[in-house]
file structure-v8.txt (compact mmCIF, C-alpha atoms)
# COMPACT_ATOMS: atom_id res chain seq x y z
CA MET A 1 112.51 74.28 60.18
CA ASN A 2 110.32 77.28 60.89
CA LYS A 3 110.84 76.93 64.62
CA GLU A 4 114.55 76.79 63.96
CA LEU A 5 114.39 80.01 61.93
CA GLU A 6 112.34 81.73 64.63
CA HIS A 7 114.81 80.72 67.30
CA GLN A 8 117.78 81.81 65.22
CA PHE A 9 116.17 85.17 64.49
CA VAL A 10 115.07 85.97 68.04
CA THR A 11 118.50 84.99 69.39
CA ASN A 12 120.19 87.29 66.87
CA LEU A 13 117.82 90.16 67.56
CA GLU A 14 118.09 89.79 71.30
CA LYS A 15 121.84 90.03 70.99
CA HIS A 16 121.79 93.06 68.68
CA GLN A 17 118.68 94.83 69.96
CA ASN A 18 120.71 97.87 71.03
CA ILE A 19 120.88 98.96 67.38
CA ALA A 20 117.09 99.17 67.20
CA HIS A 21 116.81 100.88 70.60
CA LYS A 22 119.32 103.53 69.59
CA ILE A 23 117.38 104.23 66.40
CA CYS A 24 114.18 104.47 68.44
CA ARG A 25 115.91 106.94 70.73
CA ILE A 26 116.82 109.20 67.84
CA TYR A 27 113.47 109.00 66.04
CA THR A 28 110.96 109.01 68.87
CA ASN A 29 110.33 111.21 71.87
CA ASP A 30 108.46 109.07 74.35
CA LYS A 31 108.35 105.54 75.66
CA ASP A 32 105.18 104.49 73.82
CA SER A 33 106.48 105.61 70.44
CA HIS A 34 109.82 104.01 71.25
CA ASN A 35 108.12 100.66 71.83
CA ASP A 36 105.87 101.09 68.78
CA LEU A 37 108.83 101.72 66.53
CA PHE A 38 110.76 98.84 68.10
CA GLN A 39 107.82 96.56 67.36
CA GLU A 40 107.61 97.70 63.73
CA ILE A 41 111.37 97.24 63.30
CA THR A 42 111.10 93.71 64.70
CA ILE A 43 108.23 92.88 62.33
CA GLN A 44 110.08 94.25 59.29
CA LEU A 45 113.28 92.42 60.26
CA TRP A 46 111.37 89.18 60.71
CA LYS A 47 109.57 89.60 57.37
CA ALA A 48 112.87 90.19 55.59
CA TYR A 49 114.76 87.49 57.52
CA PRO A 50 114.10 84.58 55.13
CA LYS A 51 116.00 86.54 52.47
CA PHE A 52 118.89 87.25 54.79
CA ARG A 53 121.49 84.76 53.67
CA GLY A 54 124.19 85.60 56.10
CA GLU A 55 126.34 87.19 53.40
CA ALA A 56 126.53 90.29 55.51
CA LYS A 57 126.74 90.38 59.28
CA PHE A 58 123.37 90.34 61.04
CA SER A 59 124.16 93.69 62.63
CA THR A 60 125.05 95.36 59.29
CA TRP A 61 121.84 94.06 57.73
CA MET A 62 119.92 95.17 60.78
CA TYR A 63 121.19 98.77 60.60
CA ARG A 64 119.72 99.07 57.13
CA VAL A 65 116.33 97.46 57.78
CA ALA A 66 115.86 99.28 61.09
CA LEU A 67 116.77 102.69 59.65
CA ASN A 68 114.52 102.11 56.64
CA THR A 69 111.68 101.27 58.98
CA ALA A 70 112.22 104.37 61.10
CA ILE A 71 112.54 106.75 58.15
CA THR A 72 110.21 105.26 55.58
CA LEU A 73 107.80 102.65 56.84
CA TYR A 74 106.94 103.72 60.35
CA ARG A 75 103.82 105.80 60.77
CA LYS A 76 103.84 108.00 63.80
CA LYS A 77 100.66 107.24 65.70
CA LYS A 78 100.33 110.59 67.36
CA ARG A 79 101.97 113.93 67.13
CA SER A 80 104.88 113.77 69.49
CA ILE A 81 105.64 116.63 71.75
CA ARG A 82 109.14 117.95 71.34
CA THR A 83 111.96 118.75 73.75
CA GLN A 84 110.14 118.56 77.09
CA ASP A 85 108.93 115.07 76.58
CA PHE A 86 112.20 113.79 75.21
CA ASP A 87 114.21 115.41 77.97
CA SER A 88 112.23 113.62 80.58
CA VAL A 89 112.66 110.13 79.17
CA ASP A 90 115.86 108.83 77.70
CA PHE A 91 118.31 111.62 77.34
CA LYS A 92 118.31 112.83 80.88
CA ILE A 93 121.89 113.77 81.63
CA LYS A 94 123.23 112.26 84.74
CA ALA A 95 124.53 115.28 86.57
CA GLU A 96 127.11 113.45 88.62
CA GLU A 97 129.03 112.31 85.52
CA TYR A 98 129.81 115.71 84.01
CA ASP A 99 130.67 119.20 85.11
CA GLY A 100 128.06 121.89 84.61
CA GLU A 101 129.35 123.19 81.28
CA THR A 102 129.72 119.77 79.64
CA GLU A 103 126.32 118.75 80.88
CA GLU A 104 124.79 121.86 79.34
CA GLN A 105 126.65 121.25 76.06
CA LEU A 106 125.38 117.69 75.81
CA LYS A 107 121.85 118.79 76.57
CA VAL A 108 121.99 121.37 73.80
CA MET A 109 123.49 118.84 71.37
CA TYR A 110 120.85 116.19 72.03
CA SER A 111 118.00 118.63 71.67
CA ALA A 112 119.59 119.97 68.47
CA ILE A 113 119.66 116.43 67.07
CA GLN A 114 116.01 115.95 67.91
CA GLN A 115 115.21 118.93 65.73
CA LEU A 116 117.06 117.65 62.65
CA ASN A 117 115.10 116.13 59.78
CA ASP A 118 114.87 112.35 59.27
CA ILE A 119 117.76 112.15 56.81
CA GLU A 120 120.05 114.34 58.90
CA LYS A 121 119.26 112.21 61.93
CA ALA A 122 120.30 109.11 59.97
CA LEU A 123 123.62 110.74 59.08
CA VAL A 124 124.34 111.75 62.66
CA PHE A 125 123.27 108.34 63.93
CA LEU A 126 125.58 106.48 61.55
CA TYR A 127 128.38 108.90 62.42
CA LEU A 128 127.87 108.31 66.14
CA GLU A 129 127.91 104.58 65.42
CA ASP A 130 131.39 104.95 63.87
CA LYS A 131 130.26 104.02 60.37
CA ASN A 132 132.57 105.16 57.59
CA TYR A 133 131.42 107.37 54.73
CA ARG A 134 131.14 104.44 52.34
CA GLU A 135 128.69 102.68 54.66
CA ILE A 136 126.79 105.91 55.27
CA SER A 137 126.45 106.59 51.54
CA ASP A 138 125.44 102.97 50.88
CA THR A 139 122.71 103.11 53.49
CA LEU A 140 121.26 106.42 52.33
CA GLY A 141 121.68 105.83 48.59
CA ILE A 142 123.78 108.94 47.95
CA THR A 143 127.38 109.29 46.81
CA GLU A 144 130.25 109.21 49.29
CA VAL A 145 131.25 112.78 48.38
CA ASN A 146 127.73 114.05 49.06
CA ALA A 147 127.59 112.18 52.35
CA ARG A 148 130.85 113.86 53.38
CA VAL A 149 129.66 117.31 52.29
CA LYS A 150 126.37 116.92 54.15
CA MET A 151 128.12 115.67 57.28
CA ASN A 152 130.43 118.68 57.28
CA ARG A 153 127.46 120.99 56.92
CA LEU A 154 125.77 119.23 59.80
CA LYS A 155 128.86 119.62 61.96
CA THR A 156 128.83 123.35 61.24
CA LYS A 157 125.13 123.51 61.97
CA LEU A 158 125.62 121.79 65.32
CA LYS A 159 128.59 124.00 66.07
CA ASN A 160 126.49 127.10 65.47
CA ILE A 161 123.82 125.78 67.78
CA LEU A 162 126.43 125.07 70.45
CA ASN A 163 128.18 128.47 70.11
CA PRO A 164 125.56 130.96 69.00
CA MET B 1 135.24 123.05 68.92
CA VAL B 2 132.91 121.35 66.44
CA ASP B 3 134.57 118.04 66.72
CA ASP B 4 134.99 118.57 70.42
CA GLY B 5 131.23 118.79 70.59
CA LEU B 6 130.64 115.78 68.39
CA ASP B 7 133.42 113.78 70.02
CA LEU B 8 131.94 114.53 73.39
CA LEU B 9 128.59 113.41 72.03
CA LYS B 10 130.09 110.23 70.61
CA LYS B 11 131.62 109.33 73.96
CA ASP B 12 128.37 110.04 75.73
CA TRP B 13 126.45 108.07 73.08
CA LYS B 14 128.60 105.00 73.78
CA LYS B 15 128.22 105.48 77.52
CA ARG B 16 124.46 105.48 77.19
CA GLU B 17 124.38 102.00 75.71
CA GLY B 18 124.19 100.72 79.24
CA SER B 19 121.00 102.60 79.93
CA LEU B 20 119.12 101.31 76.86
CA PRO B 21 116.01 99.24 77.44
CA HIS B 22 116.45 95.50 77.09
CA PHE B 23 113.80 93.07 75.92
CA SER B 24 113.98 89.43 76.83
CA TYR B 25 113.92 86.54 74.36
CA ASN B 26 110.25 85.93 75.11
CA GLU B 27 109.28 89.56 74.75
CA ILE B 28 110.92 89.72 71.32
CA TYR B 29 109.39 86.39 70.33
CA LYS B 30 105.91 87.74 71.05
CA LEU B 31 106.55 90.74 68.78
CA LEU B 32 106.97 88.46 65.75
CA TRP B 33 103.23 87.86 65.68
CA LYS B 34 102.16 91.47 66.00
CA ARG B 35 100.62 93.19 63.03
CA SER B 36 102.63 95.63 61.01
CA SER B 37 101.22 99.12 60.60
CA SER B 38 103.75 100.23 58.02
CA ILE B 39 103.00 102.87 55.45
CA VAL B 40 103.55 100.36 52.63
CA LYS B 41 100.80 98.20 54.00
CA TRP B 42 98.42 101.18 54.12
CA ILE B 43 99.32 102.23 50.60
CA PHE B 44 98.68 98.68 49.42
CA ILE B 45 95.26 98.45 51.12
CA ILE B 46 94.13 101.87 49.91
CA SER B 47 95.33 101.23 46.36
CA ILE B 48 93.51 97.91 46.11
CA ALA B 49 90.39 99.57 47.51
CA GLU B 50 90.64 102.22 44.81
CA PHE B 51 90.97 99.68 42.00
CA LEU B 52 87.97 97.81 43.37
CA PHE B 53 85.93 100.96 43.90
CA TRP B 54 86.32 102.24 40.35
CA ALA B 55 85.83 98.82 38.81
CA ALA B 56 82.71 98.20 40.94
CA LEU B 57 81.32 101.63 40.14
CA SER B 58 81.31 101.02 36.40
CA ILE B 59 79.65 97.61 36.90
CA ILE B 60 76.97 99.02 39.24
CA LEU B 61 76.22 101.90 36.91
CA SER B 62 75.76 99.74 33.82
CA ASP B 63 72.21 98.47 34.40
CA LYS B 64 69.61 97.31 31.91
CA HIS B 65 67.96 100.68 31.63
CA GLN B 66 71.25 102.30 30.70
CA TRP B 67 71.85 99.67 28.02
CA GLU B 68 68.43 100.40 26.46
CA GLN B 69 69.37 104.06 26.31
CA ILE B 70 72.67 103.21 24.69
CA GLU B 71 70.84 101.15 22.09
CA ALA B 72 68.38 103.95 21.45
CA LEU B 73 71.23 106.39 20.94
CA ASN B 74 72.92 103.97 18.54
CA MET B 75 76.06 103.83 20.65
CA THR B 76 76.40 100.08 21.20
CA THR B 77 79.60 99.60 19.18
CA GLU B 78 81.30 102.61 20.73
CA VAL B 79 80.35 101.55 24.28
CA ILE B 80 81.56 97.96 23.76
CA VAL B 81 84.87 99.14 22.29
CA PHE B 82 85.23 101.65 25.10
CA SER B 83 84.54 99.01 27.77
CA VAL B 84 86.97 96.47 26.33
CA ILE B 85 89.73 99.05 26.07
CA SER B 86 89.10 100.37 29.55
CA TYR B 87 89.16 96.86 31.07
CA LEU B 88 92.41 96.11 29.26
CA ILE B 89 93.92 99.33 30.52
CA THR B 90 92.70 98.60 34.07
CA PHE B 91 94.40 95.20 33.99
CA TYR B 92 97.55 96.81 32.69
CA PHE B 93 97.53 99.27 35.60
CA ILE B 94 96.92 96.49 38.14
CA PHE B 95 99.80 94.51 36.64
CA CYS B 96 102.13 97.55 36.85
CA PHE B 97 101.03 98.22 40.42
CA TYR B 98 101.74 94.62 41.43
CA LYS B 99 105.12 94.67 39.73
CA ASN B 100 106.12 97.91 41.45
CA TYR B 101 104.78 96.68 44.78
CA LYS B 102 106.88 93.52 44.55
CA ARG B 103 109.93 95.65 43.94
CA ILE B 104 109.68 97.33 47.35
CA SER B 105 112.40 95.86 49.52
CA VAL B 106 113.22 96.94 53.02
CA THR B 107 116.84 95.97 52.45
CA ASP B 108 117.37 98.53 49.67
CA ASN B 109 119.01 101.83 50.46
CA ILE B 110 116.71 104.55 51.79
CA LYS B 111 116.54 106.51 48.55
CA LEU B 112 115.68 103.52 46.38
CA LEU B 113 113.13 102.29 48.91
CA ILE B 114 111.28 105.63 48.97
CA LYS B 115 111.50 105.86 45.17
CA ASN B 116 109.91 102.43 44.74
CA ILE B 117 107.12 103.18 47.21
CA LEU B 118 106.30 106.45 45.48
CA LYS B 119 106.30 104.62 42.15
CA THR B 120 103.44 102.34 43.23
CA ARG B 121 101.45 105.44 44.14
CA LYS B 122 102.19 107.02 40.79
CA THR B 123 100.65 103.99 39.07
CA VAL B 124 97.42 104.32 41.04
CA LYS B 125 97.38 108.08 40.49
CA ARG B 126 97.70 107.55 36.74
CA TYR B 127 94.94 104.94 36.85
CA ILE B 128 92.56 107.36 38.57
CA GLY B 129 93.51 110.04 36.07
CA PHE B 130 92.69 107.60 33.30
CA VAL B 131 89.31 106.69 34.86
CA LEU B 132 88.34 110.33 35.31
CA ILE B 133 89.41 111.46 31.86
CA SER B 134 87.88 108.47 30.05
CA ASN B 135 84.60 108.95 31.92
CA ALA B 136 84.56 112.64 31.13
CA VAL B 137 85.10 111.77 27.45
CA LEU B 138 82.30 109.20 27.60
CA ILE B 139 79.91 111.66 29.24
CA LEU B 140 80.67 114.36 26.66
CA PHE B 141 80.31 111.85 23.83
CA THR B 142 76.92 110.69 25.21
CA LEU B 143 75.84 114.31 25.50
CA TYR B 144 76.79 114.90 21.88
CA LYS B 145 74.91 111.79 20.79
CA THR B 146 71.85 112.76 22.86
CA ILE B 147 71.77 116.20 21.33
CA THR B 148 72.13 114.96 17.74
CA TYR B 149 69.53 112.24 18.43
CA HIS B 150 67.02 114.76 19.69
CA VAL B 151 67.73 117.21 16.90
CA ALA B 152 67.10 114.47 14.34
CA ASN B 153 64.08 112.83 16.00
CA THR B 154 62.15 115.47 17.85
CA VAL B 155 59.27 116.83 15.87
CA ILE B 156 58.47 120.36 16.79
CA GLU B 157 54.88 121.24 16.15
CA ASN B 158 55.08 124.98 16.45
CA PRO B 159 58.60 126.01 15.51
CA GLU B 160 57.78 129.68 16.06
CA THR B 161 57.02 129.08 19.74
CA TYR B 162 60.00 126.82 20.26
CA GLU B 163 62.44 128.81 22.29
CA PHE B 164 65.44 126.55 22.53
CA ASP B 165 67.86 128.93 20.85
CA THR B 166 71.65 129.17 20.74
CA THR B 167 71.86 130.82 24.15
CA ARG B 168 70.00 127.93 25.73
CA TRP B 169 72.21 125.42 24.00
CA LEU B 170 75.23 127.27 25.33
CA ILE B 171 73.76 127.28 28.84
CA LEU B 172 73.08 123.52 28.65
CA ILE B 173 76.58 122.73 27.40
CA GLY B 174 78.12 125.18 29.85
CA MET B 175 76.26 123.61 32.78
CA THR B 176 77.30 120.08 31.79
CA ILE B 177 80.94 121.00 31.43
CA GLY B 178 80.80 123.11 34.60
CA GLY B 179 79.18 120.27 36.56
CA LEU B 180 81.75 117.83 35.24
CA GLY B 181 84.53 120.25 36.13
CA ILE B 182 83.29 120.67 39.71
CA PHE B 183 82.92 116.89 40.14
CA LEU B 184 86.44 116.20 38.85
CA GLY B 185 87.85 119.10 40.85
CA LEU B 186 86.34 117.80 44.09
CA LEU B 187 87.69 114.31 43.44
CA TRP B 188 91.10 115.74 42.73
CA LEU B 189 91.02 117.74 45.98
CA PHE B 190 89.95 114.64 47.91
CA TYR B 191 92.90 112.68 46.55
CA ARG B 192 95.33 115.49 47.20
CA LEU B 193 94.18 115.51 50.81
CA ILE B 194 94.37 111.74 51.42
CA TYR B 195 97.72 111.25 49.76
CA GLY B 196 99.04 114.56 50.92
CA ILE B 197 98.73 113.26 54.46
CA LEU B 198 99.82 109.70 53.69
CA LEU B 199 102.83 110.53 51.56
CA ARG B 200 103.95 113.77 53.17
CA ARG B 201 106.82 112.24 55.09
CA LEU B 202 107.99 110.10 52.15
CA ASN B 203 107.94 113.04 49.77
CA LYS B 204 109.77 115.24 52.26
CA ASN B 205 112.54 112.69 52.82
CA TYR B 206 112.84 111.93 49.12
CA LYS B 207 113.23 115.64 48.35
CA GLU B 208 115.84 115.92 51.09
CA LEU B 209 117.86 113.04 49.57
CA LYS B 210 117.51 114.52 46.09
CA LYS B 211 118.73 117.83 47.43
CA LEU B 212 121.90 116.14 48.67
CA GLU B 213 122.69 115.01 45.13
CA VAL B 214 122.84 118.52 43.69

call {"tool": "encode", "arguments": {"input": "structure-v8.txt", "output": "structure tokens"}}
result
Amino acid sequence: MNKELEHQFVTNLEKHQNIAHKICRIYTNDKDSHNDLFQEITIQLWKAYPKFRGEAKFSTWMYRVALNTAITLYRKKKRSIRTQDFDSVDFKIKAEEYDGETEEQLKVMYSAIQQLNDIEKALVFLYLEDKNYREISDTLGITEVNARVKMNRLKTKLKNILNP
Amino acid sequence: MVDDGLDLLKKDWKKREGSLPHFSYNEIYKLLWKRSSSIVKWIFIISIAEFLFWAALSIILSDKHQWEQIEALNMTTEVIVFSVISYLITFYFIFCFYKNYKRISVTDNIKLLIKNILKTRKTVKRYIGFVLISNAVLILFTLYKTITYHVANTVIENPETYEFDTTRWLILIGMTIGGLGIFLGLLWLFYRLIYGILLRRLNKNYKELKKLEV
């Protein structure tokens, strides 16, 4: 039975691991921290798995547990170095795909996101993942109206960063 | 322009899915047996250590010699009542801590999760407050009893040469209270430091979520 559960869980996680990797990308700046956070997310998911009854989709359930781990449970092992480090790892813009201006815009946007606080990052992440405001408010534990208001403020904030 | 920026980002975000790392079935399987280093685990370990430390301290300190002193000062009833009450209160705190700890669920929403974690800390904080205050009361009460005992039982042979006047009494009481104050203050600082570091991120995020509700 236990083996069965393990197999089921690992298969599910392998299939949906992108969710966790994307969260790691937003919340960490280097490869080691990325892997550390991924490991903690996996452990928390596995610990909570026996209570997962399949009422929700595995991916929906995973968004919540993984974000909770990144924001609340995960302890950063070392002080991460900002921008430079992050630029060099995951968010490197592939020059051949964009023209110079777009490339610059994306670079500025990604580094702006890295400087947001944990909660703001969660909002942007869920927005980028095409979640609607009801899901966003459910995940954060705030009202839908407040989620909307905050998202609009964030959009303005990012706009100001993009066009100073 | 705003949405242009975010839309551009969204498109790029989707495009990047291809460049995400990918772990194999076996790599993920191995992770299941790794140890968690979550903040909840740390809070749990530290809290249990605190309960044990304070409980052990009162047991270690209550030796035979101390009991003889208590008997001499005629404080046996008070000390027994005090001990029973303080053990009952300690059990109550441990029970509350356990109940709050059990309530922590990683599948709750972020706000509720942080709230429940902070609640377990509040229980331990209140327990330490209780230990410190009750011990301060006990120390002051013992001091009072010691003074009245000595006043009643000490025979002074030459009262005219006895110099323990009001000023000296005030100095003695002042020093005791001052010493107690410094001890409690240092402990308080120590706790602020430990939990300041441990809970900083939780408190910050909780405040941020609260701010969104205004």

call {"tool": "residues_around", "arguments": {"input": "structure-v8.txt", "residues": "His7 of chain A", "least_positions_apart": "4", "cutoff": "12 Å", "atoms": "all atoms listed in the file", "output": "JSON, numbers by chain"}}
result
{"A": [1, 2, 3, 11, 12, 13, 14, 46, 49], "B": [25, 26, 28, 29, 30, 32]}

call {"tool": "write_last_selection", "arguments": {"input": "structure-v8.txt", "atoms": "C-alpha atoms", "output": "PDB file, in the coordinates of the input"}}
result
ATOM      1  CA  MET A   1     112.510  74.280  60.180  1.00  0.00           C
ATOM      2  CA  ASN A   2     110.320  77.280  60.890  1.00  0.00           C
ATOM      3  CA  LYS A   3     110.840  76.930  64.620  1.00  0.00           C
ATOM      4  CA  THR A  11     118.500  84.990  69.390  1.00  0.00           C
ATOM      5  CA  ASN A  12     120.190  87.290  66.870  1.00  0.00           C
ATOM      6  CA  LEU A  13     117.820  90.160  67.560  1.00  0.00           C
ATOM      7  CA  GLU A  14     118.090  89.790  71.300  1.00  0.00           C
ATOM      8  CA  TRP A  46     111.370  89.180  60.710  1.00  0.00           C
ATOM      9  CA  TYR A  49     114.760  87.490  57.520  1.00  0.00           C
TER      10      TYR A  49
ATOM     11  CA  TYR B  25     113.920  86.540  74.360  1.00  0.00           C
ATOM     12  CA  ASN B  26     110.250  85.930  75.110  1.00  0.00           C
ATOM     13  CA  ILE B  28     110.920  89.720  71.320  1.00  0.00           C
ATOM     14  CA  TYR B  29     109.390  86.390  70.330  1.00  0.00           C
ATOM     15  CA  LYS B  30     105.910  87.740  71.050  1.00  0.00           C
ATOM     16  CA  LEU B  32     106.970  88.460  65.750  1.00  0.00           C
TER      17      LEU B  32
END

call {"tool": "closest_atom_pairs", "arguments": {"input": "structure-v8.txt", "of": "chain A", "to": "chain B", "cutoff": "6 Å", "atoms": "all atoms listed in the file", "output": "JSON lines"}}
result
{"residue": "A:Ile43", "atom": "CA", "partner": "B:Leu32", "partner_atom": "CA", "distance": 5.7}
{"residue": "A:Val65", "atom": "CA", "partner": "B:Thr107", "partner_atom": "CA", "distance": 5.6}
{"residue": "A:Asn68", "atom": "CA", "partner": "B:Ile110", "partner_atom": "CA", "distance": 5.9}
{"residue": "A:Leu73", "atom": "CA", "partner": "B:Ser38", "partner_atom": "CA", "distance": 4.9}
{"residue": "A:Tyr74", "atom": "CA", "partner": "B:Ser38", "partner_atom": "CA", "distance": 5.3}
{"residue": "A:Leu128", "atom": "CA", "partner": "B:Lys10", "partner_atom": "CA", "distance": 5.3}
{"residue": "A:Thr139", "atom": "CA", "partner": "B:Asn109", "partner_atom": "CA", "distance": 5.0}
{"residue": "A:Leu140", "atom": "CA", "partner": "B:Ile110", "partner_atom": "CA", "distance": 4.9}
{"residue": "A:Gly141", "atom": "CA", "partner": "B:Asn109", "partner_atom": "CA", "distance": 5.2}
{"residue": "A:Lys159", "atom": "CA", "partner": "B:Val2", "partner_atom": "CA", "distance": 5.1}

call {"tool": "write_last_selection", "arguments": {"input": "structure-v8.txt", "atoms": "C-alpha atoms", "output": "short mmCIF file (atom, residue, chain, number, x, y, z; two decimals), keeping the file's coordinate frame"}}
result
data_model
loop_
_atom_site.label_atom_id
_atom_site.label_comp_id
_atom_site.auth_asym_id
_atom_site.auth_seq_id
_atom_site.Cartn_x
_atom_site.Cartn_y
_atom_site.Cartn_z
CA ILE A 43 108.23 92.88 62.33
CA VAL A 65 116.33 97.46 57.78
CA ASN A 68 114.52 102.11 56.64
CA LEU A 73 107.80 102.65 56.84
CA TYR A 74 106.94 103.72 60.35
CA LEU A 128 127.87 108.31 66.14
CA THR A 139 122.71 103.11 53.49
CA LEU A 140 121.26 106.42 52.33
CA GLY A 141 121.68 105.83 48.59
CA LYS A 159 128.59 124.00 66.07
#

call {"tool": "residues_around", "arguments": {"input": "structure-v8.txt", "residues": "Leu180 of chain B", "least_positions_apart": "2", "cutoff": "12 Å", "atoms": "all atoms listed in the file", "output": "list in words"}}
result
Leu132, Ile133, Asn135, Ala136, Val137, Leu138, Ile139, Leu140, Leu143, Ile173, Gly174, Met175, Thr176, Ile177, Gly178, Ile182, Phe183, Leu184, Gly185, Leu186 and Leu187 of chain B

call {"tool": "residues_around", "arguments": {"input": "structure-v8.txt", "residues": "Phe95 of chain B", "least_positions_apart": "2", "cutoff": "12 Å", "atoms": "only C-alpha atoms", "output": "PyMOL selection string"}}
result
chain B and resi 48+51+88-93+97-102+120+123-124+127

call {"tool": "write_last_selection", "arguments": {"input": "structure-v8.txt", "atoms": "C-alpha atoms", "output": "CSV table (one decimal), keeping the file's coordinate frame"}}
result
chain,number,residue,atom,x,y,z
B,48,ILE,CA,93.5,97.9,46.1
B,51,PHE,CA,91.0,99.7,42.0
B,88,LEU,CA,92.4,96.1,29.3
B,89,ILE,CA,93.9,99.3,30.5
B,90,THR,CA,92.7,98.6,34.1
B,91,PHE,CA,94.4,95.2,34.0
B,92,TYR,CA,97.6,96.8,32.7
B,93,PHE,CA,97.5,99.3,35.6
B,97,PHE,CA,101.0,98.2,40.4
B,98,TYR,CA,101.7,94.6,41.4
B,99,LYS,CA,105.1,94.7,39.7
B,100,ASN,CA,106.1,97.9,41.4
B,101,TYR,CA,104.8,96.7,44.8
B,102,LYS,CA,106.9,93.5,44.6
B,120,THR,CA,103.4,102.3,43.2
B,123,THR,CA,100.6,104.0,39.1
B,124,VAL,CA,97.4,104.3,41.0
B,127,TYR,CA,94.9,104.9,36.8

call {"tool": "residues_around", "arguments": {"input": "structure-v8.txt", "residues": "Tyr195 of chain B", "least_positions_apart": "3", "cutoff": "10 Å", "atoms": "only C-alpha atoms", "output": "ChimeraX atom specification"}}
result
/B:43,121,125,190-192,198-200

call {"tool": "closest_residue", "arguments": {"input": "structure-v8.txt", "among": "A:Thr72, A:Asn160, A:Thr28, A:Asn132", "to": "Val108 of chain A", "atoms": "all atoms listed in the file"}}
result
A:Asn160

call {"tool": "atom_distance", "arguments": {"input": "structure-v8.txt", "atom1": "atom CA of Ile71 of chain A", "atom2": "atom CA of Val10 of chain A"}}
result
23.2 Å

call {"tool": "closest_residue", "arguments": {"input": "structure-v8.txt", "among": "A:Ala112, A:Gln44, A:Phe125, A:Tyr98", "to": "Ile19 of chain A", "atoms": "only C-alpha atoms"}}
result
A:Phe125

call {"tool": "decode", "arguments": {"input": "structure-v8.txt", "residues": "segment 40-68 of chain B", "atoms": "C-alpha atoms", "output": "PDB file, in the first residue's frame"}}
result
ATOM      1  CA  VAL B  40       7.778  24.882  11.740  1.00  0.00           C
ATOM      2  CA  LYS B  41      10.096  22.051  12.625  1.00  0.00           C
ATOM      3  CA  TRP B  42      12.583  24.479  14.182  1.00  0.00           C
ATOM      4  CA  ILE B  43       9.876  26.257  16.129  1.00  0.00           C
ATOM      5  CA  PHE B  44       8.653  22.896  17.416  1.00  0.00           C
ATOM      6  CA  ILE B  45      12.134  21.758  18.527  1.00  0.00           C
ATOM      7  CA  ILE B  46      12.980  25.073  20.192  1.00  0.00           C
ATOM      8  CA  SER B  47       9.611  25.267  21.948  1.00  0.00           C
ATOM      9  CA  ILE B  48       9.894  21.755  23.364  1.00  0.00           C
ATOM     10  CA  ALA B  49      13.441  22.557  24.493  1.00  0.00           C
ATOM     11  CA  GLU B  50      12.126  25.620  26.294  1.00  0.00           C
ATOM     12  CA  PHE B  51       9.397  23.701  28.105  1.00  0.00           C
ATOM     13  CA  LEU B  52      11.950  21.103  29.158  1.00  0.00           C
ATOM     14  CA  PHE B  53      14.524  23.689  30.194  1.00  0.00           C
ATOM     15  CA  TRP B  54      12.203  25.601  32.509  1.00  0.00           C
ATOM     16  CA  ALA B  55      10.672  22.451  33.952  1.00  0.00           C
ATOM     17  CA  ALA B  56      14.133  20.924  34.542  1.00  0.00           C
ATOM     18  CA  LEU B  57      15.437  24.122  36.089  1.00  0.00           C
ATOM     19  CA  SER B  58      12.798  24.160  38.813  1.00  0.00           C
ATOM     20  CA  ILE B  59      13.455  20.471  39.579  1.00  0.00           C
ATOM     21  CA  ILE B  60      17.244  20.946  39.718  1.00  0.00           C
ATOM     22  CA  LEU B  61      16.941  23.994  41.944  1.00  0.00           C
ATOM     23  CA  SER B  62      14.671  22.331  44.490  1.00  0.00           C
ATOM     24  CA  ASP B  63      17.244  20.356  46.500  1.00  0.00           C
ATOM     25  CA  LYS B  64      17.125  19.173  50.094  1.00  0.00           C
ATOM     26  CA  HIS B  65      18.940  22.179  51.449  1.00  0.00           C
ATOM     27  CA  GLN B  66      16.410  24.505  49.866  1.00  0.00           C
ATOM     28  CA  TRP B  67      13.550  22.525  51.395  1.00  0.00           C
ATOM     29  CA  GLU B  68      15.101  22.865  54.874  1.00  0.00           C
TER      30      GLU B  68
END
